[in-house]
Amino acid sequence: MRVKLLLASLLVVMAALGLGMAQAQEAVTIEYWNINNQGFGGPTVDLLAERFKTATGVTVEPRVQESYPSLVQNLEAQLAAGNPPDVVQIGWPYFDYVANNLPYIPVEELVAKWGDEAYLAQFPQSVKDLTTFGDQMVGMAYSLSNPVMYYNADMFVKAGLDPDNPPTTWEGWLEIAPKLSEANGGIPVFNFGYGADNWILQAFIESNGGRMLVCDNGQWRTGVDSPEAAAGLQAWADVVLSKQSLNAGYSDATPAFIAGETVTYVSTIAGRGNIQKQVTFDLRATTFPQFGDNPVRIPGGGNLLVVFATDPTRQQAAWEWVKYLTSVEGLSEWTRGLGYVPLYEAVLEEPAYAEFIAQNPIQQVGNSQLDRMVRWTSFPGPNGLAAGEALFRATQAALGGEKTAAEALAEAAAEVNKLIAGQACSQ
């Protein structure tokens, strides 16, 4: 019976993908560039690729890149060499840069060539708008996440605090931080993994009332030189410089928290699956903290799927792979495996996902922050990547105590504004 059900399921997938047996026998192979290493979704990618091959005969070869910035840089090199990868995960902060500068295949063109308007119709307009540039969809939204505050509940108990009622404000966390540290051997309480993508920096700046980008008289400028933005970065720098927080990049922050070297860890809800599998303590999570009376504004993380394949056979296979990844089955497996937020209602109703979410309060925290999410800033124009790097250097300078947040951000703003000068915007 199980064999019959599996066969029936595969036949349904093949019909949905629109790949006939003749094409399946052509042994098509496509490259899928992504950032999903073995500790961050790699096994789920492999599982989905295996299922896709079983259903269609198309082999997907994952090509794992170190980070979103390096992925874009390597992508440009491959495009210049005339050997584009077929499907690429593009991190949200690099959306504008890719849309402005790289030869992607628009979704409208893929639908016109290979069909399936019904597939496109199932996505809410708000989700399709995420990948729209001008009058074209650059790709399909895939991974959507937000930062949550993971915490070690056992350390709360050891400090005589209630793990069922963590603080919801930054002020509340600062109040209990000394007690948490003292009760747990003097370890840092906080841990904000960060990188050149400025994801956590944006959460601090915008939740303190600042803005990464401002539309001023029809042109973009950065808003990071405001007092509000400086207050956000300084709040972060203060806990680092006082040794209340670890100062670590993404690759070091996660293992430090898992090893019990910090009490909390602000990171993506998409890391939930990996963290849950490795911790030996009572893992909990709560929302990103509120700063004063400012509304919490956290950048939506993750990526979109963009097709670059130009060969017709590989392009069709690439489009079918994108559709499979963003199908109910694909998204259910993906979001359960990592922690990303589902993109449309049908995924929430899928039996495996519905059962999972009912039993996983940590995932519910990420889902509960949907109304606090804003677009992850993508600096416009051909110098957008360099603008992001300038801001990253400011973060490093402030966290290292080389400059105050106000000084570092003022210098970065001057550089960023030169790099994005002349980029038009509308209110």
# chains A, B, ... in the order shown; residues from 1 in each chain; ligands from 1

$ residues_around --residues "Gln122 in chain A" --least-positions-apart "4" --cutoff "10 Å" --atoms "only C-alpha atoms" --output "PyMOL selection string"
chain A and resi 117-118+327+343-346

$ residues_around --residues "Gly339 in chain A" --least-positions-apart "3" --cutoff "10 Å" --atoms "only C-alpha atoms" --output "number ranges by chain"
A: 41, 143-146, 268-274, 333-336, 342, 362-364, 366-367

$ select_by_dssp --residues "range 83-190 of chain A" --states "alpha helix (DSSP H)" --output "PyMOL selection string"
chain A and resi 95-101+107-114+117-121+125-129+153-158+170-183

$ write_last_selection --atoms "C-alpha atoms" --output "PDB file, in the first residue's frame"
ATOM      1  CA  PHE A  95      17.431  42.249  -4.873  1.00  0.00           C
ATOM      2  CA  ASP A  96      17.800  45.781  -6.247  1.00  0.00           C
ATOM      3  CA  TYR A  97      21.371  45.163  -7.321  1.00  0.00           C
ATOM      4  CA  VAL A  98      20.446  42.017  -9.249  1.00  0.00           C
ATOM      5  CA  ALA A  99      17.352  43.636 -10.758  1.00  0.00           C
ATOM      6  CA  ASN A 100      19.379  46.611 -11.958  1.00  0.00           C
ATOM      7  CA  ASN A 101      22.528  44.897 -13.146  1.00  0.00           C
ATOM      8  CA  VAL A 107       8.969  35.266 -14.295  1.00  0.00           C
ATOM      9  CA  GLU A 108       6.564  36.615 -16.922  1.00  0.00           C
ATOM     10  CA  GLU A 109       8.876  35.331 -19.666  1.00  0.00           C
ATOM     11  CA  LEU A 110       9.136  31.922 -18.002  1.00  0.00           C
ATOM     12  CA  VAL A 111       5.354  31.647 -17.731  1.00  0.00           C
ATOM     13  CA  ALA A 112       4.937  32.717 -21.377  1.00  0.00           C
ATOM     14  CA  LYS A 113       7.427  30.084 -22.544  1.00  0.00           C
ATOM     15  CA  TRP A 114       6.680  27.200 -20.212  1.00  0.00           C
ATOM     16  CA  GLU A 117      -0.370  30.751 -14.811  1.00  0.00           C
ATOM     17  CA  ALA A 118      -2.439  28.794 -12.267  1.00  0.00           C
ATOM     18  CA  TYR A 119       0.695  28.214 -10.220  1.00  0.00           C
ATOM     19  CA  LEU A 120       1.404  31.931 -10.116  1.00  0.00           C
ATOM     20  CA  ALA A 121      -2.183  32.757  -9.167  1.00  0.00           C
ATOM     21  CA  GLN A 125      -0.260  39.784  -4.426  1.00  0.00           C
ATOM     22  CA  SER A 126       1.769  40.999  -1.457  1.00  0.00           C
ATOM     23  CA  VAL A 127       4.163  38.068  -1.902  1.00  0.00           C
ATOM     24  CA  LYS A 128       4.464  38.667  -5.640  1.00  0.00           C
ATOM     25  CA  ASP A 129       5.109  42.338  -4.965  1.00  0.00           C
ATOM     26  CA  ALA A 153      15.475  28.394  29.760  1.00  0.00           C
ATOM     27  CA  ASP A 154      17.655  26.320  32.092  1.00  0.00           C
ATOM     28  CA  MET A 155      19.807  29.397  32.717  1.00  0.00           C
ATOM     29  CA  PHE A 156      16.692  31.397  33.577  1.00  0.00           C
ATOM     30  CA  VAL A 157      15.752  28.822  36.203  1.00  0.00           C
ATOM     31  CA  LYS A 158      19.289  28.832  37.596  1.00  0.00           C
ATOM     32  CA  TRP A 170      15.289  46.002  25.647  1.00  0.00           C
ATOM     33  CA  GLU A 171      15.066  47.777  28.984  1.00  0.00           C
ATOM     34  CA  GLY A 172      13.646  44.623  30.522  1.00  0.00           C
ATOM     35  CA  TRP A 173      16.518  42.524  29.201  1.00  0.00           C
ATOM     36  CA  LEU A 174      19.108  44.978  30.516  1.00  0.00           C
ATOM     37  CA  GLU A 175      17.480  44.831  33.946  1.00  0.00           C
ATOM     38  CA  ILE A 176      17.817  41.048  34.314  1.00  0.00           C
ATOM     39  CA  ALA A 177      21.120  40.673  32.436  1.00  0.00           C
ATOM     40  CA  PRO A 178      23.382  40.997  35.522  1.00  0.00           C
ATOM     41  CA  LYS A 179      21.442  38.320  37.386  1.00  0.00           C
ATOM     42  CA  LEU A 180      21.518  35.945  34.386  1.00  0.00           C
ATOM     43  CA  SER A 181      25.245  36.394  33.931  1.00  0.00           C
ATOM     44  CA  GLU A 182      26.174  36.044  37.594  1.00  0.00           C
ATOM     45  CA  ALA A 183      24.104  32.893  38.069  1.00  0.00           C
TER      46      ALA A 183
END

$ closest_residue --among "A:Asn152, A:Ser378, A:Asn247, A:Gln234" --to "Gly300 in chain A" --atoms "only C-alpha atoms"
A:Ser378

$ residues_around --residues "Val296 in chain A" --least-positions-apart "4" --cutoff "7 Å" --atoms "only C-alpha atoms" --output "PyMOL selection string"
chain A and resi 207+290+372
